[in-house]
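Text of the file run_27.pdb, holding PDB, C-alpha atoms, pLDDT in the B column:
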```pdb
ATOM      1  CA  MET S   1       7.978  21.845   6.833  1.00 84.00           C
ATOM      2  CA  GLU S   2       5.675  19.331   5.134  1.00 92.00           C
ATOM      3  CA  THR S   3       2.823  17.438   6.801  1.00 94.00           C
ATOM      4  CA  ARG S   4       1.576  14.060   5.562  1.00 93.00           C
ATOM      5  CA  THR S   5      -1.442  12.117   6.775  1.00 96.00           C
ATOM      6  CA  LEU S   6      -1.388   8.312   6.714  1.00 94.00           C
ATOM      7  CA  THR S   7      -3.694   5.572   7.922  1.00 96.00           C
ATOM      8  CA  CYS S   8      -1.741   3.034   9.932  1.00 93.00           C
ATOM      9  CA  ILE S   9      -2.089  -0.627   8.944  1.00 89.00           C
ATOM     10  CA  GLY S  10       0.087  -1.950  11.788  1.00 86.00           C
ATOM     11  CA  CYS S  11      -2.864  -3.149  13.861  1.00 88.00           C
ATOM     12  CA  PRO S  12      -6.686  -3.217  13.609  1.00 91.00           C
ATOM     13  CA  MET S  13      -7.065   0.279  15.137  1.00 90.00           C
ATOM     14  CA  GLY S  14      -6.322   2.045  11.824  1.00 93.00           C
ATOM     15  CA  CYS S  15      -5.023   5.214  13.480  1.00 94.00           C
ATOM     16  CA  THR S  16      -4.792   8.411  11.468  1.00 96.00           C
ATOM     17  CA  LEU S  17      -1.136   9.401  11.627  1.00 96.00           C
ATOM     18  CA  THR S  18       0.261  12.867  11.086  1.00 96.00           C
ATOM     19  CA  VAL S  19       3.895  12.960  10.011  1.00 96.00           C
ATOM     20  CA  GLU S  20       5.904  16.174   9.880  1.00 95.00           C
ATOM     21  CA  THR S  21       8.989  16.187   7.667  1.00 93.00           C
ATOM     22  CA  GLU S  22      11.609  18.725   6.727  1.00 92.00           C
ATOM     23  CA  GLU S  23      14.047  18.234   3.850  1.00 89.00           C
ATOM     24  CA  GLY S  24      13.233  14.518   3.742  1.00 84.00           C
ATOM     25  CA  ARG S  25      13.805  13.978   7.471  1.00 91.00           C
ATOM     26  CA  ILE S  26      10.974  12.798   9.706  1.00 94.00           C
ATOM     27  CA  LEU S  27      10.570  15.218  12.601  1.00 93.00           C
ATOM     28  CA  THR S  28       7.452  13.905  14.362  1.00 94.00           C
ATOM     29  CA  VAL S  29       4.845  11.185  14.125  1.00 95.00           C
ATOM     30  CA  SER S  30       1.590  11.714  16.007  1.00 95.00           C
ATOM     31  CA  GLY S  31      -1.852  10.141  16.196  1.00 95.00           C
ATOM     32  CA  ASN S  32      -0.645   6.613  16.872  1.00 93.00           C
ATOM     33  CA  THR S  33      -2.034   4.725  19.853  1.00 93.00           C
ATOM     34  CA  CYS S  34       0.702   2.080  19.834  1.00 92.00           C
ATOM     35  CA  PRO S  35       4.397   1.894  18.856  1.00 92.00           C
ATOM     36  CA  LYS S  36       3.510   0.094  15.617  1.00 92.00           C
ATOM     37  CA  GLY S  37       2.081   3.345  14.237  1.00 93.00           C
ATOM     38  CA  ASP S  38       5.322   5.241  14.684  1.00 93.00           C
ATOM     39  CA  ALA S  39       7.337   2.411  13.090  1.00 93.00           C
ATOM     40  CA  TYR S  40       4.864   2.096  10.200  1.00 93.00           C
ATOM     41  CA  ALA S  41       4.943   5.824   9.392  1.00 94.00           C
ATOM     42  CA  ARG S  42       8.737   5.977   9.434  1.00 94.00           C
ATOM     43  CA  ARG S  43       9.072   2.911   7.212  1.00 93.00           C
ATOM     44  CA  GLU S  44       6.306   4.038   4.845  1.00 93.00           C
ATOM     45  CA  LEU S  45       7.990   7.390   4.220  1.00 92.00           C
ATOM     46  CA  THR S  46      11.549   6.102   3.918  1.00 91.00           C
ATOM     47  CA  ALA S  47      11.373   2.562   2.474  1.00 93.00           C
ATOM     48  CA  PRO S  48       7.798   1.409   1.770  1.00 94.00           C
ATOM     49  CA  MET S  49       7.310  -2.351   1.573  1.00 94.00           C
ATOM     50  CA  ARG S  50       4.373  -4.441   0.327  1.00 95.00           C
ATOM     51  CA  MET S  51       3.174  -8.041   0.183  1.00 96.00           C
ATOM     52  CA  VAL S  52       2.306  -8.952  -3.403  1.00 98.00           C
ATOM     53  CA  THR S  53      -0.576 -11.327  -4.117  1.00 98.00           C
ATOM     54  CA  SER S  54      -1.840 -12.706  -7.401  1.00 98.00           C
ATOM     55  CA  THR S  55      -2.853 -15.927  -9.139  1.00 98.00           C
ATOM     56  CA  VAL S  56      -1.197 -18.277 -11.632  1.00 98.00           C
ATOM     57  CA  ARG S  57      -2.651 -20.901 -13.933  1.00 98.00           C
ATOM     58  CA  LEU S  58      -3.078 -24.350 -12.379  1.00 98.00           C
ATOM     59  CA  THR S  59      -3.283 -27.644 -14.266  1.00 97.00           C
ATOM     60  CA  GLY S  60      -4.099 -31.159 -13.078  1.00 96.00           C
ATOM     61  CA  SER S  61      -6.654 -29.913 -10.550  1.00 96.00           C
ATOM     62  CA  ASP S  62     -10.338 -29.041 -10.348  1.00 93.00           C
ATOM     63  CA  LEU S  63      -9.161 -25.464  -9.700  1.00 95.00           C
ATOM     64  CA  ALA S  64      -8.158 -23.331 -12.692  1.00 96.00           C
ATOM     65  CA  MET S  65      -6.081 -20.785 -10.758  1.00 98.00           C
ATOM     66  CA  LEU S  66      -3.742 -20.961  -7.770  1.00 98.00           C
ATOM     67  CA  PRO S  67      -3.444 -17.970  -5.425  1.00 98.00           C
ATOM     68  CA  VAL S  68       0.171 -16.967  -4.747  1.00 98.00           C
ATOM     69  CA  ARG S  69       1.887 -14.375  -2.571  1.00 98.00           C
ATOM     70  CA  THR S  70       5.383 -13.198  -1.840  1.00 98.00           C
ATOM     71  CA  ALA S  71       6.890 -15.005   1.138  1.00 98.00           C
ATOM     72  CA  ARG S  72       7.573 -11.623   2.772  1.00 97.00           C
ATOM     73  CA  GLU S  73       7.279  -7.947   1.937  1.00 96.00           C
ATOM     74  CA  VAL S  74       9.170  -6.552  -1.050  1.00 98.00           C
ATOM     75  CA  PRO S  75      10.115  -2.937  -1.809  1.00 97.00           C
ATOM     76  CA  LYS S  76       7.103  -1.068  -3.179  1.00 96.00           C
ATOM     77  CA  GLU S  77       9.021  -0.040  -6.303  1.00 97.00           C
ATOM     78  CA  ALA S  78       9.538  -3.749  -7.170  1.00 98.00           C
ATOM     79  CA  ILE S  79       5.825  -4.620  -7.416  1.00 98.00           C
ATOM     80  CA  PHE S  80       5.631  -4.397 -11.223  1.00 98.00           C
ATOM     81  CA  ALA S  81       8.784  -6.501 -11.641  1.00 98.00           C
ATOM     82  CA  CYS S  82       7.344  -9.068  -9.234  1.00 98.00           C
ATOM     83  CA  MET S  83       4.119  -9.252 -11.220  1.00 98.00           C
ATOM     84  CA  ALA S  84       6.055  -9.590 -14.475  1.00 98.00           C
ATOM     85  CA  SER S  85       7.853 -12.632 -13.045  1.00 98.00           C
ATOM     86  CA  LEU S  86       4.461 -14.394 -12.896  1.00 98.00           C
ATOM     87  CA  ASN S  87       3.753 -13.965 -16.631  1.00 97.00           C
ATOM     88  CA  GLY S  88       3.258 -17.355 -18.234  1.00 96.00           C
ATOM     89  CA  VAL S  89       3.712 -19.340 -15.007  1.00 98.00           C
ATOM     90  CA  VAL S  90       1.725 -22.586 -14.956  1.00 98.00           C
ATOM     91  CA  VAL S  91       1.774 -24.850 -11.905  1.00 98.00           C
ATOM     92  CA  GLU S  92       0.963 -28.568 -11.936  1.00 97.00           C
ATOM     93  CA  ALA S  93      -1.130 -29.949  -9.059  1.00 97.00           C
ATOM     94  CA  PRO S  94      -0.762 -31.211  -6.405  1.00 97.00           C
ATOM     95  CA  VAL S  95       0.485 -28.120  -4.606  1.00 98.00           C
ATOM     96  CA  ARG S  96       0.757 -27.438  -0.879  1.00 98.00           C
ATOM     97  CA  THR S  97       0.475 -24.089   0.857  1.00 98.00           C
ATOM     98  CA  GLY S  98       3.955 -22.579   1.077  1.00 98.00           C
ATOM     99  CA  ASP S  99       5.385 -24.443  -1.933  1.00 98.00           C
ATOM    100  CA  ILE S 100       7.688 -22.182  -3.929  1.00 98.00           C
ATOM    101  CA  VAL S 101       6.094 -21.229  -7.239  1.00 98.00           C
ATOM    102  CA  VAL S 102       8.661 -18.649  -8.451  1.00 98.00           C
ATOM    103  CA  PRO S 103      11.981 -18.637  -6.563  1.00 98.00           C
ATOM    104  CA  ASP S 104      12.859 -14.976  -7.182  1.00 98.00           C
ATOM    105  CA  ALA S 105      10.007 -12.486  -7.516  1.00 97.00           C
ATOM    106  CA  GLY S 106      11.198  -9.774  -9.867  1.00 96.00           C
ATOM    107  CA  GLY S 107      14.842  -9.911  -8.803  1.00 97.00           C
ATOM    108  CA  THR S 108      14.078  -9.231  -5.136  1.00 98.00           C
ATOM    109  CA  GLY S 109      15.338 -12.592  -3.880  1.00 98.00           C
ATOM    110  CA  VAL S 110      11.904 -13.195  -2.325  1.00 98.00           C
ATOM    111  CA  PRO S 111       9.954 -16.206  -3.623  1.00 98.00           C
ATOM    112  CA  PHE S 112       6.320 -16.372  -4.640  1.00 98.00           C
ATOM    113  CA  VAL S 113       4.668 -19.211  -2.694  1.00 98.00           C
ATOM    114  CA  ALA S 114       1.365 -21.025  -3.020  1.00 98.00           C
ATOM    115  CA  ALA S 115      -1.300 -19.484  -0.797  1.00 98.00           C
ATOM    116  CA  ARG S 116      -3.469 -22.635  -0.637  1.00 97.00           C
ATOM    117  CA  ASP S 117      -3.417 -26.372  -1.171  1.00 97.00           C
ATOM    118  CA  ALA S 118      -4.542 -27.726  -4.533  1.00 96.00           C
ATOM    119  CA  ALA S 119      -5.090 -31.450  -4.845  1.00 94.00           C
ATOM    120  CA  GLY S 120      -4.434 -33.266  -8.088  1.00 86.00           C
ATOM    121  CA  LYS S 121      -7.194 -35.015 -10.011  1.00 82.00           C
TER     122      LYS S 121
END
```
Encoded form using structure tokens:
Amino acid sequence: METRTLTCIGCPMGCTLTVETEEGRILTVSGNTCPKGDAYARRELTAPMRMVTSTVRLTGSDLAMLPVRTAREVPKEAIFACMASLNGVVVEAPVRTGDIVVPDAGGTGVPFVAARDAAGK
């Protein structure tokens, strides 16, 4: 049996979770004070997902860079491919929060979207 310790990010409590596994199967999750902790631990050990945030170059604005993020979580193993899809991306202002910047982040089918408004000059 293997024991893993995780810090839950499902809510502001930040519970310390203890997960017992055997041959890749999750046997128990303990230490959580709400159901989100149990769900987080199970997902983190079987199919971890992450939001990806970064910046891209912005032209036609007083801002030089535009913050972007994936529209939803992507598989953790796709993070580097997602970041590679931002290489060389330049966005022209004006841009509104939520505008699609890259339609398919690293082949995940999840778009990168603008994380703030940027007015044009």
Next item on the list: Enter the distance from atom CA of S:Val110 to atom CA of S:Ala47, in Å, rounded to one decimal.
Entry: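 Distance reported for this atom pair: 16.5 Å.
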Checklist line | Chain and number of each residue from the PyMOL selection byres ((chain S and resi 36-41) around 12), as a ChimeraX atom specification | finding: /S:4-21,26-35,42-50
Enumerate, as a tab-separated table (two decimals) with C-alpha atoms, in the frame of the given file, the residues matched when the PyMOL selection byres ((chain S and resi 53) around 8) is run on the file above.
```
chain	number	residue	atom	x	y	z
S	51	MET	CA	3.17	-8.04	0.18
S	52	VAL	CA	2.31	-8.95	-3.40
S	54	SER	CA	-1.84	-12.71	-7.40
S	55	THR	CA	-2.85	-15.93	-9.14
S	67	PRO	CA	-3.44	-17.97	-5.42
S	68	VAL	CA	0.17	-16.97	-4.75
S	69	ARG	CA	1.89	-14.38	-2.57
S	70	THR	CA	5.38	-13.20	-1.84
```
Notebook entry, point to check: For S:Pro75, which of S:Gly60, S:Gly106, S:Gly120, S:Pro94 is the closest residue, counting only C-alpha atoms?
Noted result: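 Of S:Gly60, S:Gly106, S:Gly120, S:Pro94, the one nearest S:Pro75, counting only C-alpha atoms, is S:Gly106.
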Item checked: Residue neighbourhood S:Ala81, 12 Å, all atoms listed in the file, exclusion window fewer than 3 positions, as a list in words -> Val52, Val74, Pro75, Lys76, Glu77, Ala78, Ala84, Ser85, Leu86, Asn87, Asp104, Ala105, Gly106, Gly107, Thr108, Gly109 and Val110 of chain S
Notebook entry, point to check: Residues picked by the PyMOL selection byres ((chain S and resi 65) around 10) here, as a list in words?
Noted result: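 Output from the PyMOL selection byres ((chain S and resi 65) around 10), applied to this file: Ser54, Thr55, Val56, Arg57, Leu58, Thr59, Ser61, Asp62, Leu63, Ala64, Leu66, Pro67, Val68, Val90, Val91 and Ala118 of chain S.
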Convert the current residue selection to file output with C-alpha atoms, as a compact mmCIF listing (two decimals), in the coordinates of the input.
```
# COMPACT_ATOMS: atom_id res chain seq x y z
CA SER S 54 -1.84 -12.71 -7.40
CA THR S 55 -2.85 -15.93 -9.14
CA VAL S 56 -1.20 -18.28 -11.63
CA ARG S 57 -2.65 -20.90 -13.93
CA LEU S 58 -3.08 -24.35 -12.38
CA THR S 59 -3.28 -27.64 -14.27
CA SER S 61 -6.65 -29.91 -10.55
CA ASP S 62 -10.34 -29.04 -10.35
CA LEU S 63 -9.16 -25.46 -9.70
CA ALA S 64 -8.16 -23.33 -12.69
CA LEU S 66 -3.74 -20.96 -7.77
CA PRO S 67 -3.44 -17.97 -5.42
CA VAL S 68 0.17 -16.97 -4.75
CA VAL S 90 1.72 -22.59 -14.96
CA VAL S 91 1.77 -24.85 -11.90
CA ALA S 118 -4.54 -27.73 -4.53
```
Item checked: Residue nearest S:Pro111 among S:Phe80, S:Glu2, S:Gly88, S:Asp99 (counting only C-alpha atoms) ->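 Smallest separation from S:Pro111 among the options: S:Asp99.
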Item checked: Top pick for closest residue to S:Val101, considering S:Glu23, S:Ala71, S:Ile79, S:Met1 and counting all atoms listed in the file -> S:Ala71
Item checked: Length of the atom CA of S:Cys82 to atom CA of S:Asp117 vector [Å] ->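 One can read the atom CA of S:Cys82 to atom CA of S:Asp117 distance as 21.9 Å.
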Next item on the list: Have a look at atom CA of S:Ala114 and atom CA of S:Met83 and let me know their distance in Å, one decimal.
Entry: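 Between atom CA of S:Ala114 and atom CA of S:Met83 the gap works out to 14.6 Å.
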Could you put an axis-aligned box around every listed atom of stretch 86-92 of chain S, padded by 5 Å on each side, and send me its centre and edge lengths in Å to one decimal, as JSON?
```
{"center_x": 2.7, "center_y": -21.3, "center_z": -15.1, "size_x": 13.5, "size_y": 24.6, "size_z": 16.3}
```
With N, CA, C and O atoms as the target, complete stretch 43-54 of chain S and hand it back as a short mmCIF file (atom, residue, chain, number, x, y, z; two decimals), in the coordinates of the input.
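So part.cif came out as:
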```
data_model
loop_
_atom_site.label_atom_id
_atom_site.label_comp_id
_atom_site.auth_asym_id
_atom_site.auth_seq_id
_atom_site.Cartn_x
_atom_site.Cartn_y
_atom_site.Cartn_z
N ARG S 43 8.73 3.83 8.31
CA ARG S 43 9.07 2.91 7.21
C ARG S 43 8.35 3.30 5.92
O ARG S 43 8.92 3.26 4.84
N GLU S 44 7.10 3.69 6.03
CA GLU S 44 6.31 4.04 4.84
C GLU S 44 6.88 5.25 4.12
O GLU S 44 6.84 5.32 2.90
N LEU S 45 7.44 6.19 4.85
CA LEU S 45 7.99 7.39 4.22
C LEU S 45 9.44 7.23 3.77
O LEU S 45 9.91 8.00 2.94
N THR S 46 10.14 6.25 4.30
CA THR S 46 11.55 6.10 3.92
C THR S 46 11.81 4.90 3.02
O THR S 46 12.62 4.99 2.10
N ALA S 47 11.15 3.78 3.27
CA ALA S 47 11.37 2.56 2.47
C ALA S 47 10.10 1.72 2.48
O ALA S 47 10.03 0.68 3.15
N PRO S 48 9.07 2.14 1.73
CA PRO S 48 7.80 1.41 1.77
C PRO S 48 7.93 -0.02 1.24
O PRO S 48 8.63 -0.27 0.26
N MET S 49 7.28 -0.93 1.92
CA MET S 49 7.31 -2.35 1.57
C MET S 49 5.87 -2.85 1.40
O MET S 49 4.96 -2.32 2.03
N ARG S 50 5.69 -3.88 0.57
CA ARG S 50 4.37 -4.44 0.33
C ARG S 50 4.45 -5.96 0.15
O ARG S 50 5.41 -6.48 -0.39
N MET S 51 3.39 -6.65 0.57
CA MET S 51 3.17 -8.04 0.18
C MET S 51 2.53 -7.97 -1.20
O MET S 51 1.73 -7.09 -1.47
N VAL S 52 2.89 -8.91 -2.07
CA VAL S 52 2.31 -8.95 -3.40
C VAL S 52 1.52 -10.25 -3.53
O VAL S 52 2.05 -11.33 -3.22
N THR S 53 0.26 -10.15 -3.93
CA THR S 53 -0.58 -11.33 -4.12
C THR S 53 -1.12 -11.35 -5.54
O THR S 53 -1.34 -10.30 -6.14
N SER S 54 -1.31 -12.56 -6.05
CA SER S 54 -1.84 -12.71 -7.40
C SER S 54 -2.31 -14.14 -7.57
O SER S 54 -2.49 -14.87 -6.58
#
```
